[in-house]
>>> print(open('model.txt').read())   # compact mmCIF, C-alpha atoms and all ligand atoms
# COMPACT_ATOMS: atom_id res chain seq x y z
CA MET A 7 -20.88 62.40 -15.51
CA SER A 8 -18.95 65.42 -14.33
CA ASP A 9 -15.91 65.30 -12.02
CA ILE A 10 -16.42 64.79 -8.30
CA PRO A 11 -15.36 68.12 -6.73
CA ALA A 12 -12.11 68.30 -4.76
CA ALA A 13 -11.87 70.24 -1.51
CA GLU A 14 -11.09 73.85 -2.34
CA ARG A 15 -8.14 73.93 0.04
CA ALA A 16 -6.39 71.28 -2.06
CA SER A 17 -7.02 73.03 -5.37
CA ARG A 18 -5.32 76.16 -4.03
CA ILE A 19 -2.02 74.46 -3.14
CA GLU A 20 0.96 75.43 -5.28
CA TYR A 21 4.54 74.25 -5.10
CA ALA A 22 6.52 76.15 -7.71
CA ILE A 23 9.71 74.13 -7.28
CA ARG A 24 8.01 70.97 -8.50
CA ASP A 25 5.56 72.66 -10.91
CA VAL A 26 8.33 73.51 -13.40
CA VAL A 27 9.38 69.87 -13.40
CA VAL A 28 6.32 68.92 -15.46
CA PRO A 29 7.49 70.54 -18.75
CA ALA A 30 11.05 69.36 -18.05
CA VAL A 31 9.87 65.75 -17.77
CA ALA A 32 7.99 66.13 -21.05
CA LEU A 33 11.17 67.35 -22.76
CA GLU A 34 13.14 64.45 -21.30
CA ALA A 35 10.53 62.03 -22.63
CA GLU A 36 11.29 63.46 -26.08
CA GLY A 37 14.96 62.52 -25.56
CA HIS A 38 16.42 65.88 -24.47
CA GLU A 39 18.93 66.09 -21.65
CA ILE A 40 18.11 68.80 -19.13
CA ILE A 41 20.59 70.49 -16.78
CA LYS A 42 18.54 70.59 -13.61
CA LEU A 43 19.46 73.28 -11.14
CA ASN A 44 15.99 73.46 -9.68
CA ILE A 45 15.72 71.12 -6.74
CA GLY A 46 17.32 71.48 -3.33
CA ASP A 47 18.16 67.81 -3.06
CA PRO A 48 21.92 67.27 -2.61
CA ILE A 49 21.58 63.64 -3.67
CA ALA A 50 20.49 64.76 -7.13
CA TYR A 51 24.03 66.07 -7.73
CA PRO A 52 27.19 63.92 -7.96
CA GLY A 53 29.81 64.01 -5.21
CA LEU A 54 27.54 64.65 -2.21
CA PRO A 55 26.26 61.22 -1.16
CA THR A 56 24.67 60.30 2.17
CA PRO A 57 27.65 59.39 4.43
CA ARG A 58 28.51 55.68 4.47
CA HIS A 59 28.22 55.23 8.27
CA MET A 60 24.67 56.54 8.20
CA ILE A 61 23.68 54.19 5.39
CA GLU A 62 25.23 51.27 7.25
CA ALA A 63 23.31 52.11 10.42
CA PHE A 64 20.09 52.29 8.41
CA GLN A 65 20.88 48.96 6.71
CA ASN A 66 21.83 47.28 9.99
CA SER A 67 18.55 48.34 11.52
CA LEU A 68 16.75 46.47 8.75
CA GLU A 69 18.91 43.39 9.29
CA ASN A 70 18.31 43.58 13.04
CA GLY A 71 14.57 43.65 12.56
CA GLU A 72 14.20 47.19 13.87
CA THR A 73 11.32 47.70 11.50
CA GLY A 74 8.42 48.18 13.87
CA TYR A 75 6.68 51.40 14.84
CA SER A 76 8.76 53.69 17.02
CA PRO A 77 7.30 55.74 19.89
CA SER A 78 5.22 58.59 18.45
CA TYR A 79 7.62 61.34 19.53
CA GLY A 80 10.67 59.46 18.21
CA LEU A 81 13.21 56.89 19.43
CA GLU A 82 14.49 57.86 22.86
CA ASP A 83 18.15 57.57 21.81
CA LEU A 84 17.55 59.87 18.88
CA ARG A 85 15.63 62.41 20.98
CA ASN A 86 18.55 62.42 23.43
CA ALA A 87 21.12 62.88 20.65
CA ILE A 88 19.11 65.75 19.15
CA ALA A 89 18.77 67.39 22.58
CA ARG A 90 22.57 67.15 23.04
CA ASP A 91 23.05 68.75 19.64
CA GLU A 92 20.71 71.62 20.52
CA ILE A 93 22.51 72.08 23.86
CA ARG A 94 25.74 72.40 21.83
CA LYS A 95 24.00 75.20 19.91
CA GLY A 96 23.45 77.06 23.15
CA TRP A 97 20.12 76.35 24.84
CA ASN A 98 18.85 74.09 27.54
CA CYS A 99 17.09 71.41 25.47
CA THR A 100 15.93 68.10 26.96
CA SER A 101 14.80 64.98 25.14
CA ASP A 102 11.21 65.80 26.21
CA ASP A 103 11.38 68.97 24.13
CA VAL A 104 12.21 67.02 20.97
CA TYR A 105 9.61 65.53 18.63
CA VAL A 106 10.80 63.51 15.65
CA CYS A 107 8.75 63.90 12.48
CA HIS A 108 8.67 62.84 8.85
CA GLY A 109 10.87 65.78 7.98
CA VAL A 110 10.54 69.45 8.83
CA THR A 111 7.62 69.52 6.41
CA GLU A 112 5.53 67.27 8.66
CA ALA A 113 6.66 69.22 11.73
CA LEU A 114 5.33 72.37 10.05
CA GLN A 115 1.95 70.81 9.37
CA ILE A 116 1.71 69.72 13.00
CA ILE A 117 2.74 73.10 14.37
CA PHE A 118 0.25 74.85 12.11
CA ALA A 119 -2.51 72.40 13.07
CA ALA A 120 -1.76 72.94 16.76
CA THR A 121 -1.53 76.75 16.74
CA LEU A 122 -3.57 78.26 13.89
CA GLU A 123 -7.25 78.79 13.36
CA GLU A 124 -9.61 81.08 11.48
CA GLY A 125 -8.44 84.68 11.63
CA THR A 126 -4.86 83.99 12.75
CA LYS A 127 -1.74 84.80 10.76
CA VAL A 128 1.72 83.52 10.01
CA LEU A 129 4.30 86.20 9.27
CA ALA A 130 6.89 84.62 6.98
CA PRO A 131 9.81 86.02 4.99
CA GLY A 132 9.24 86.99 1.37
CA PRO A 133 10.63 85.24 -0.60
CA HIS A 134 10.28 81.94 1.29
CA TYR A 135 10.11 78.16 1.03
CA PRO A 136 6.58 77.56 -0.43
CA PRO A 137 4.94 75.41 2.31
CA TYR A 138 4.92 78.47 4.57
CA MET A 139 2.34 79.90 2.20
CA ALA A 140 0.60 76.67 1.19
CA TYR A 141 -0.20 75.06 4.56
CA PRO A 142 -1.51 77.77 6.94
CA GLN A 143 -4.55 78.37 4.75
CA MET A 144 -5.60 74.75 5.32
CA PHE A 145 -6.21 75.76 8.92
CA GLY A 146 -8.15 78.92 8.05
CA ALA A 147 -5.12 81.12 8.67
CA GLU A 148 -3.36 83.53 6.37
CA THR A 149 0.33 83.94 5.56
CA VAL A 150 1.55 87.51 5.35
CA GLU A 151 5.04 88.10 3.99
CA TYR A 152 7.59 90.44 5.51
CA ARG A 153 10.14 91.87 3.15
CA LEU A 154 13.68 90.61 2.73
CA ASP A 155 15.82 93.39 1.31
CA SER A 156 16.93 92.46 -2.22
CA GLU A 157 19.42 95.35 -2.31
CA CYS A 158 21.08 94.44 0.95
CA GLY A 159 21.92 90.73 0.84
CA TRP A 160 18.27 89.80 1.49
CA GLN A 161 18.44 90.85 5.12
CA VAL A 162 15.23 91.08 7.12
CA ASP A 163 13.48 94.46 6.74
CA PHE A 164 12.61 95.05 10.39
CA ASP A 165 10.42 98.09 9.73
CA ASP A 166 8.30 95.90 7.49
CA VAL A 167 8.09 93.17 10.16
CA GLU A 168 7.05 95.72 12.77
CA SER A 169 4.41 97.27 10.54
CA LYS A 170 2.83 93.85 9.94
CA MET A 171 2.74 92.58 13.50
CA ASP A 172 -0.60 92.53 15.30
CA GLU A 173 -2.68 90.48 17.76
CA SER A 174 -3.52 87.86 15.17
CA VAL A 175 0.08 86.88 14.33
CA ARG A 176 0.69 83.53 16.04
CA LEU A 177 3.88 82.53 14.26
CA LEU A 178 6.77 84.68 13.14
CA VAL A 179 9.03 82.66 10.84
CA LEU A 180 12.77 82.95 10.37
CA ILE A 181 14.43 80.62 7.86
CA ASN A 182 18.12 80.78 8.66
CA PRO A 183 20.08 80.29 6.43
CA ASN A 184 17.32 81.21 4.04
CA ASN A 185 15.85 79.29 1.16
CA PRO A 186 15.77 80.70 -1.55
CA THR A 187 18.20 83.60 -0.91
CA GLY A 188 21.06 81.98 1.06
CA ASN A 189 21.11 84.92 3.50
CA VAL A 190 22.42 84.17 6.99
CA ALA A 191 20.97 86.24 9.86
CA THR A 192 23.38 87.68 12.41
CA LYS A 193 23.03 87.41 16.18
CA GLU A 194 21.97 91.08 16.32
CA GLU A 195 19.26 90.53 13.70
CA ILE A 196 17.96 87.50 15.56
CA ASP A 197 17.84 89.50 18.80
CA ARG A 198 15.90 92.23 17.05
CA LEU A 199 13.36 89.77 15.67
CA ILE A 200 12.91 88.21 19.10
CA SER A 201 12.37 91.61 20.69
CA ILE A 202 9.66 92.42 18.12
CA ALA A 203 7.90 89.09 18.81
CA ASN A 204 8.22 89.75 22.54
CA GLN A 205 5.83 92.68 22.26
CA TRP A 206 2.99 90.36 21.22
CA PRO A 207 2.07 87.86 23.95
CA ASN A 208 0.54 85.21 21.67
CA CYS A 209 3.34 85.27 19.11
CA MET A 210 5.73 82.33 18.84
CA ILE A 211 8.76 82.01 16.57
CA ILE A 212 9.43 79.27 14.05
CA ALA A 213 13.20 78.97 13.56
CA ASP A 214 13.69 76.84 10.46
CA GLU A 215 17.37 75.96 10.85
CA ILE A 216 17.48 73.06 8.42
CA TYR A 217 20.51 74.62 6.67
CA ASP A 218 22.35 75.68 9.86
CA GLY A 219 25.28 73.29 9.27
CA LEU A 220 25.60 74.84 5.82
CA THR A 221 26.56 78.28 7.02
CA LEU A 222 29.53 78.56 4.68
CA PHE A 223 31.60 81.18 6.49
CA GLY A 224 31.58 81.33 10.29
CA ASP A 225 28.89 79.94 12.56
CA SER A 226 25.15 80.31 12.54
CA THR A 227 23.23 81.44 15.60
CA SER A 228 20.48 79.30 17.09
CA VAL A 229 17.35 81.42 17.64
CA ALA A 230 16.41 79.40 20.74
CA SER A 231 19.81 80.19 22.25
CA ARG A 232 18.92 83.91 22.14
CA SER A 233 15.35 83.84 23.45
CA ASN A 234 14.64 84.05 27.18
CA SER A 235 10.93 84.76 26.88
CA VAL A 236 9.47 84.13 23.42
CA PRO A 237 8.62 80.47 22.66
CA VAL A 238 10.61 79.05 19.74
CA PHE A 239 9.91 76.03 17.55
CA VAL A 240 13.33 74.88 16.37
CA LEU A 241 13.21 72.90 13.12
CA ASN A 242 15.98 70.76 11.71
CA GLY A 243 16.66 67.29 10.34
CA VAL A 244 18.54 64.90 8.16
CA SER A 245 17.64 66.33 4.74
CA LYS A 246 20.27 68.98 4.04
CA VAL A 247 23.15 68.99 6.53
CA TYR A 248 23.21 65.15 6.61
CA TYR A 249 22.48 64.69 2.91
CA ALA A 250 19.56 62.27 3.23
CA PRO A 251 16.35 64.08 2.20
CA GLY A 252 14.66 60.91 0.98
CA TRP A 253 14.79 59.41 4.46
CA ARG A 254 12.13 61.90 5.55
CA ILE A 255 13.35 62.52 9.07
CA GLY A 256 13.34 65.86 10.84
CA TYR A 257 12.34 67.27 14.17
CA MET A 258 10.83 70.13 16.08
CA ALA A 259 12.31 71.09 19.43
CA LEU A 260 10.26 73.32 21.70
CA HIS A 261 12.07 76.08 23.55
CA ASP A 262 9.63 77.42 26.11
CA PRO A 263 11.59 79.69 28.45
CA ALA A 264 8.52 81.26 30.11
CA ASN A 265 6.62 77.98 30.35
CA ARG A 266 3.68 79.05 28.23
CA LEU A 267 3.35 76.18 25.76
CA GLY A 268 1.52 73.65 27.97
CA GLU A 269 -1.65 73.62 25.86
CA VAL A 270 0.18 73.84 22.55
CA ARG A 271 2.47 71.01 23.58
CA ASP A 272 -0.53 68.87 24.50
CA GLY A 273 -2.08 69.59 21.08
CA ILE A 274 1.17 68.71 19.31
CA GLU A 275 1.48 65.45 21.24
CA ARG A 276 -2.10 64.45 20.40
CA LEU A 277 -1.50 65.15 16.72
CA LEU A 278 1.76 63.19 16.78
CA ARG A 279 0.15 60.19 18.43
CA ALA A 280 -2.65 60.25 15.87
CA ARG A 281 -0.17 59.85 13.01
CA LEU A 282 1.73 57.00 14.75
CA CYS A 283 5.43 57.69 14.14
CA ALA A 284 8.27 58.51 11.76
CA SER A 285 10.26 55.78 9.97
CA THR A 286 12.21 53.69 12.49
CA PRO A 287 15.22 52.66 10.32
CA ALA A 288 15.64 56.23 9.08
CA GLN A 289 15.71 57.45 12.69
CA ILE A 290 18.49 54.95 13.42
CA GLY A 291 20.43 56.20 10.39
CA TYR A 292 20.08 59.80 11.58
CA LEU A 293 21.24 58.79 15.06
CA ALA A 294 24.50 57.49 13.56
CA GLY A 295 24.92 60.83 11.78
CA LEU A 296 24.55 62.73 15.05
CA GLU A 297 26.66 60.40 17.19
CA LEU A 298 29.62 59.52 14.95
CA SER A 299 32.29 61.89 13.66
CA ARG A 300 31.19 64.88 11.59
CA ASP A 301 34.64 65.48 10.12
CA TRP A 302 33.30 64.57 6.68
CA MET A 303 31.14 67.71 6.68
CA GLU A 304 34.08 70.03 6.07
CA GLU A 305 34.97 68.33 2.77
CA TYR A 306 31.37 68.58 1.60
CA LYS A 307 31.26 72.23 2.58
CA GLN A 308 34.42 72.98 0.62
CA LYS A 309 32.85 71.49 -2.51
CA ILE A 310 29.81 73.70 -2.03
CA ILE A 311 31.98 76.79 -1.54
CA GLU A 312 33.90 75.96 -4.74
CA ARG A 313 30.65 75.59 -6.71
CA ARG A 314 29.35 78.85 -5.24
CA GLU A 315 32.47 80.62 -6.50
CA VAL A 316 31.96 79.30 -10.03
CA CYS A 317 28.42 80.72 -10.10
CA LEU A 318 29.32 84.08 -8.60
CA ASN A 319 32.12 84.48 -11.15
CA ARG A 320 29.98 83.59 -14.10
CA ILE A 321 27.05 85.78 -13.02
CA SER A 322 29.36 88.77 -12.56
CA GLN A 323 30.34 88.44 -16.24
CA ILE A 324 26.88 88.04 -17.72
CA ASP A 325 24.92 91.09 -18.85
CA GLY A 326 21.36 90.86 -17.61
CA LEU A 327 22.02 89.02 -14.32
CA GLU A 328 22.99 90.17 -10.84
CA VAL A 329 23.16 88.39 -7.51
CA GLN A 330 23.61 89.10 -3.82
CA ALA A 331 26.30 86.62 -2.71
CA PRO A 332 24.76 84.02 -0.37
CA GLY A 333 26.42 82.99 2.90
CA GLY A 334 24.59 79.73 3.53
CA ALA A 335 22.50 76.84 2.20
CA PHE A 336 23.13 76.07 -1.48
CA TYR A 337 20.90 78.54 -3.28
CA MET A 338 21.32 81.79 -5.15
CA PHE A 339 18.40 84.05 -5.87
CA VAL A 340 19.52 85.67 -9.10
CA GLU A 341 18.06 88.97 -10.30
CA ILE A 342 17.10 89.14 -13.96
CA THR A 343 18.06 92.71 -14.83
CA ASP A 344 17.55 92.24 -18.57
CA PRO A 345 14.43 94.38 -19.23
CA ILE A 346 13.00 91.80 -21.66
CA TRP A 347 12.58 89.30 -18.83
CA ALA A 348 12.63 91.31 -15.61
CA GLU A 349 8.84 91.53 -15.50
CA ASN A 350 8.24 87.92 -16.39
CA ASP A 351 10.47 85.53 -14.51
CA LYS A 352 8.22 82.51 -15.16
CA GLN A 353 8.42 83.03 -18.94
CA PHE A 354 12.18 83.39 -18.56
CA VAL A 355 12.35 80.04 -16.80
CA LEU A 356 10.12 78.27 -19.32
CA ASP A 357 11.82 79.75 -22.40
CA LEU A 358 15.25 78.96 -20.95
CA LEU A 359 14.07 75.40 -20.42
CA TYR A 360 12.67 75.01 -23.95
CA GLU A 361 15.50 76.81 -25.77
CA GLU A 362 18.56 75.78 -23.74
CA HIS A 363 17.40 72.86 -21.60
CA VAL A 364 18.44 74.44 -18.31
CA LEU A 365 15.95 74.20 -15.46
CA VAL A 366 15.79 76.77 -12.64
CA VAL A 367 12.79 77.99 -10.60
CA HIS A 368 11.04 81.32 -11.15
CA GLY A 369 11.37 83.76 -8.25
CA SER A 370 7.66 84.59 -8.20
CA GLY A 371 7.09 80.96 -7.14
CA PHE A 372 8.76 81.90 -3.84
CA SER A 373 6.86 85.15 -3.48
CA ASP A 374 4.68 86.94 -5.95
CA GLU A 375 5.45 90.23 -4.27
CA PHE A 376 9.11 89.93 -3.29
CA GLY A 377 10.49 87.24 -5.61
CA ARG A 378 9.42 88.60 -8.98
CA GLY A 379 12.19 89.28 -11.51
CA HIS A 380 14.45 86.59 -10.05
CA PHE A 381 15.17 82.91 -10.40
CA ARG A 382 16.50 80.43 -7.86
CA LEU A 383 19.53 78.43 -8.76
CA VAL A 384 20.74 75.40 -6.79
CA TYR A 385 24.51 75.52 -7.12
CA LEU A 386 25.30 71.93 -6.11
CA ALA A 387 26.14 70.65 -9.60
CA GLU A 388 29.77 69.98 -10.50
CA PRO A 389 31.74 72.97 -11.84
CA GLU A 390 31.74 71.71 -15.48
CA ILE A 391 27.97 71.35 -15.40
CA LEU A 392 27.54 74.78 -13.84
CA ASN A 393 29.80 76.30 -16.49
CA ASP A 394 27.83 74.56 -19.22
CA ALA A 395 24.58 75.88 -17.72
CA PHE A 396 25.94 79.44 -17.59
CA ASP A 397 27.18 79.20 -21.21
CA ARG A 398 23.62 78.34 -22.15
CA ILE A 399 22.07 81.06 -19.97
CA GLU A 400 24.44 83.61 -21.50
CA ARG A 401 23.58 82.48 -25.05
CA PHE A 402 19.88 82.66 -24.16
CA LEU A 403 20.18 86.23 -22.91
CA GLN A 404 22.22 87.32 -25.95
CA ARG A 405 19.76 85.90 -28.46
CA PRO A 406 17.98 88.73 -30.35
CA ARG A 407 14.28 88.94 -29.36
C1 LIG A 501 13.59 76.08 4.49
C2 LIG A 501 13.24 74.65 4.34
N1 LIG A 501 12.58 74.01 5.32
C3 LIG A 501 12.25 72.72 5.21
C4 LIG A 501 12.54 71.99 4.07
C5 LIG A 501 12.12 70.57 3.96
O1 LIG A 501 12.61 69.84 5.03
P1 LIG A 501 12.33 68.28 5.17
O2 LIG A 501 13.01 67.57 4.04
O3 LIG A 501 12.91 67.94 6.49
O4 LIG A 501 10.85 68.11 5.11
C6 LIG A 501 13.20 72.61 3.01
C7 LIG A 501 13.49 71.86 1.77
O5 LIG A 501 13.90 72.37 0.76
C8 LIG A 501 13.56 73.97 3.16
O6 LIG A 501 14.19 74.61 2.19
>>> encode(input="model.txt", output="structure tokens")
Amino acid sequence: MSDIPAAERASRIEYAIRDVVVPAVALEAEGHEIIKLNIGDPIAYPGLPTPRHMIEAFQNSLENGETGYSPSYGLEDLRNAIARDEIRKGWNCTSDDVYVCHGVTEALQIIFAATLEEGTKVLAPGPHYPPYMAYPQMFGAETVEYRLDSECGWQVDFDDVESKMDESVRLLVLINPNNPTGNVATKEEIDRLISIANQWPNCMIIADEIYDGLTLFGDSTSVASRSNSVPVFVLNGVSKVYYAPGWRIGYMALHDPANRLGEVRDGIERLLRARLCASTPAQIGYLAGLELSRDWMEEYKQKIIERREVCLNRISQIDGLEVQAPGGAFYMFVEITDPIWAENDKQFVLDLLYEEHVLVVHGSGFSDEFGRGHFRLVYLAEPEILNDAFDRIERFLQRPR
């Protein structure tokens, strides 16, 4: 008998970051050791563990029997702590605006489910974190990419945004700091994006700020803090800044300065109730992260800055590679200038994996149009490992073809 057909929407889903893991796992099964610089999970790299006090709070919650369902929108104490944190970032957030989810990824699915339908669009940066392309189509919508400028630190190309705005754009996305480029948007750029959205009455902004505490030099600007008319979905969580991605806790906070999200909010709340709640012990762990001292963050940040320096130095000395120095998150989006590979970044990634056992992600996996000819490197590994990886990349590029 032939296979039972899958829904077409599922067959179309791609997630490049994890797709390249399949051949790497096969090589590992043959006994090879792979230097993995592909996944944006800080726990996968030594020296950046989840802080002790957060783990203890999580563990204590288990001991105390706090293992039941939580309220669907999140534990009240956590919603309050998140609201206080958003107030610190500059806008008038209340606990009622905060909805705790199984990570930003679940928040995205809920926002898309509550706002998109056939014929609507999401305008997202190109290159971008893949779910922004994968999920909207499940709701009949389309993702259109606006250009990030590869020659100019991957800043937003505002002319391109403006030329792609129309009635059907429901969500304009800013990932700040950006994955995969590490670009950090300035206050002026954020204001400009808000003023573009403001010209389209049904357009809301998604501000994915999951790396905001990893702005390496200076502060990052909260999009919600700058908007006095356009609705903003603020996204953040425990995965990156609090080094606990496996806990699967994140949130959306709704900034609705002109009071226009009543229906959307109702839809979001219905969807949240239908999926019960996020993990209770993990919420308690996150609460400890928000409420206790954050002094530890500076030491972590310094390690990341040191590792960034190693990569920038090495890339500047390798023929065939160039990079725009990132200001946030822990990614570099490296241009492959070597003409042998520039047109085929996926082959570059696969051949590098097979020949030198270094795993990075092809840029076209983050945008076919704007990511081609690049690869994304996660620079969280220890300096010796990074140097070893760059020795191998250099040898790979020098090999006669
Ligand atoms: C821009 C961006 N948003 C969201 C996520 C995922 O967030 P979460 O772990 O909270 O689902 C990632 C993970 O890499 C990301 O890069």
>>> residues_around(input="model.txt", residues="Phe376 (chain A)", least_positions_apart="4", cutoff="7 Å", atoms="all atoms listed in the file", output="MDAnalysis selection string")
chainID A and resid 132:133 153
>>> residues_near_ligand(input="model.txt", ligand="ligand LIG 501 (chain A)", cutoff="8 Å", atoms="all atoms listed in the file", output="ChimeraX atom specification")
/A:45-47,108-113,134-135,181-186,214-217,241-246,251-252,254-257
>>> residues_around(input="model.txt", residues="region 264-274 of chain A", least_positions_apart="4", cutoff="7 Å", atoms="only C-alpha atoms", output="list in words")
Ile116, Ile117, Ala120, Thr121, Ser235 and Leu278 of chain A
>>> write_last_selection(input="model.txt", atoms="C-alpha atoms", output="tab-separated table (two decimals), in the coordinates of the input")
chain	number	residue	atom	x	y	z
A	116	ILE	CA	1.71	69.72	13.00
A	117	ILE	CA	2.74	73.10	14.37
A	120	ALA	CA	-1.76	72.94	16.76
A	121	THR	CA	-1.53	76.75	16.74
A	235	SER	CA	10.93	84.76	26.88
A	278	LEU	CA	1.76	63.19	16.78
>>> closest_residue(input="model.txt", among="A:Asp325, A:Glu297, A:Glu388, A:Glu36", to="Ala63 (chain A)", atoms="only C-alpha atoms")
A:Glu297
>>> atom_distance(input="model.txt", atom1="CA of Arg398 (chain A)", atom2="CA of Tyr360 (chain A)")
11.6 Å
>>> closest_residue(input="model.txt", among="A:Gly188, A:Gly326, A:Pro287, A:Pro136", to="Ser76 (chain A)", atoms="all atoms listed in the file")
A:Pro287
>>> atom_distance(input="model.txt", atom1="CA of Tyr248 (chain A)", atom2="CA of Glu62 (chain A)")
14.0 Å
>>> closest_residue(input="model.txt", among="A:Cys209, A:Val162, A:Val367, A:Leu386", to="Leu54 (chain A)", atoms="all atoms listed in the file")
A:Leu386
>>> atom_distance(input="model.txt", atom1="CA of Val179 (chain A)", atom2="CA of Cys158 (chain A)")
19.5 Å
>>> closest_residue(input="model.txt", among="A:Trp160, A:Phe336, A:Phe381, A:Trp253", to="Asn350 (chain A)", atoms="all atoms listed in the file")
A:Phe381
>>> closest_residue(input="model.txt", among="A:Ser169, A:Thr227, A:Gln353, A:Thr221", to="Glu195 (chain A)", atoms="all atoms listed in the file")
A:Thr227
>>> residues_around(input="model.txt", residues="region 89-95 of chain A", least_positions_apart="3", cutoff="10 Å", atoms="all atoms listed in the file", output="PyMOL selection string")
chain A and resi 83-86+98-104+226-231+240+259+296-297
>>> closest_residue(input="model.txt", among="A:Asn204, A:Thr192, A:Asn44, A:Ser299", to="Ile23 (chain A)", atoms="all atoms listed in the file")
A:Asn44
>>> residues_around(input="model.txt", residues="Gly295 (chain A)", least_positions_apart="6", cutoff="8 Å", atoms="all atoms listed in the file", output="ChimeraX atom specification")
/A:57,59-60,248
>>> residues_near_point(input="model.txt", point="(4.8, 90.0, 20.5)", cutoff="12 Å", atoms="all atoms listed in the file", output="ChimeraX atom specification")
/A:129,167-168,170-178,198-211,235-237
>>> build_atoms(input="model.txt", residues="region 254-268 of chain A", atoms="N, CA, C and O atoms", output="PDB file, keeping the file's coordinate frame")
ATOM      1  N   ARG A 254      13.284  61.219   4.946  1.00  0.00           N
ATOM      2  CA  ARG A 254      12.130  61.900   5.550  1.00  0.00           C
ATOM      3  C   ARG A 254      12.179  61.876   7.076  1.00  0.00           C
ATOM      4  O   ARG A 254      11.245  61.397   7.731  1.00  0.00           O
ATOM      5  N   ILE A 255      13.256  62.380   7.621  1.00  0.00           N
ATOM      6  CA  ILE A 255      13.350  62.520   9.070  1.00  0.00           C
ATOM      7  C   ILE A 255      13.750  63.956   9.430  1.00  0.00           C
ATOM      8  O   ILE A 255      14.690  64.499   8.849  1.00  0.00           O
ATOM      9  N   GLY A 256      13.020  64.527  10.336  1.00  0.00           N
ATOM     10  CA  GLY A 256      13.340  65.860  10.840  1.00  0.00           C
ATOM     11  C   GLY A 256      12.779  65.964  12.243  1.00  0.00           C
ATOM     12  O   GLY A 256      12.254  64.983  12.788  1.00  0.00           O
ATOM     13  N   TYR A 257      12.898  67.131  12.834  1.00  0.00           N
ATOM     14  CA  TYR A 257      12.340  67.270  14.170  1.00  0.00           C
ATOM     15  C   TYR A 257      11.922  68.706  14.448  1.00  0.00           C
ATOM     16  O   TYR A 257      12.358  69.639  13.767  1.00  0.00           O
ATOM     17  N   MET A 258      11.045  68.821  15.459  1.00  0.00           N
ATOM     18  CA  MET A 258      10.830  70.130  16.080  1.00  0.00           C
ATOM     19  C   MET A 258      11.307  69.994  17.515  1.00  0.00           C
ATOM     20  O   MET A 258      11.137  68.936  18.141  1.00  0.00           O
ATOM     21  N   ALA A 259      11.930  71.048  18.016  1.00  0.00           N
ATOM     22  CA  ALA A 259      12.310  71.090  19.430  1.00  0.00           C
ATOM     23  C   ALA A 259      11.681  72.352  20.008  1.00  0.00           C
ATOM     24  O   ALA A 259      11.801  73.425  19.410  1.00  0.00           O
ATOM     25  N   LEU A 260      11.003  72.196  21.129  1.00  0.00           N
ATOM     26  CA  LEU A 260      10.260  73.320  21.700  1.00  0.00           C
ATOM     27  C   LEU A 260      11.084  74.011  22.787  1.00  0.00           C
ATOM     28  O   LEU A 260      11.408  73.401  23.808  1.00  0.00           O
ATOM     29  N   HIS A 261      11.395  75.273  22.532  1.00  0.00           N
ATOM     30  CA  HIS A 261      12.070  76.080  23.550  1.00  0.00           C
ATOM     31  C   HIS A 261      11.008  76.979  24.172  1.00  0.00           C
ATOM     32  O   HIS A 261      10.429  77.820  23.483  1.00  0.00           O
ATOM     33  N   ASP A 262      10.769  76.760  25.458  1.00  0.00           N
ATOM     34  CA  ASP A 262       9.630  77.420  26.110  1.00  0.00           C
ATOM     35  C   ASP A 262      10.097  78.082  27.399  1.00  0.00           C
ATOM     36  O   ASP A 262       9.736  77.660  28.502  1.00  0.00           O
ATOM     37  N   PRO A 263      10.915  79.138  27.267  1.00  0.00           N
ATOM     38  CA  PRO A 263      11.590  79.690  28.450  1.00  0.00           C
ATOM     39  C   PRO A 263      10.636  80.233  29.510  1.00  0.00           C
ATOM     40  O   PRO A 263      10.969  80.232  30.694  1.00  0.00           O
ATOM     41  N   ALA A 264       9.440  80.697  29.110  1.00  0.00           N
ATOM     42  CA  ALA A 264       8.520  81.260  30.110  1.00  0.00           C
ATOM     43  C   ALA A 264       7.396  80.280  30.453  1.00  0.00           C
ATOM     44  O   ALA A 264       6.397  80.662  31.059  1.00  0.00           O
ATOM     45  N   ASN A 265       7.584  79.030  30.009  1.00  0.00           N
ATOM     46  CA  ASN A 265       6.620  77.980  30.350  1.00  0.00           C
ATOM     47  C   ASN A 265       5.181  78.315  29.947  1.00  0.00           C
ATOM     48  O   ASN A 265       4.267  78.257  30.754  1.00  0.00           O
ATOM     49  N   ARG A 266       5.007  78.619  28.668  1.00  0.00           N
ATOM     50  CA  ARG A 266       3.680  79.050  28.230  1.00  0.00           C
ATOM     51  C   ARG A 266       3.084  78.126  27.177  1.00  0.00           C
ATOM     52  O   ARG A 266       2.042  78.408  26.614  1.00  0.00           O
ATOM     53  N   LEU A 267       3.807  77.021  26.873  1.00  0.00           N
ATOM     54  CA  LEU A 267       3.350  76.180  25.760  1.00  0.00           C
ATOM     55  C   LEU A 267       2.629  74.908  26.211  1.00  0.00           C
ATOM     56  O   LEU A 267       2.477  73.983  25.416  1.00  0.00           O
ATOM     57  N   GLY A 268       2.162  74.869  27.474  1.00  0.00           N
ATOM     58  CA  GLY A 268       1.520  73.650  27.970  1.00  0.00           C
ATOM     59  C   GLY A 268       0.404  73.151  27.049  1.00  0.00           C
ATOM     60  O   GLY A 268       0.391  71.990  26.638  1.00  0.00           O
TER      61      GLY A 268
END
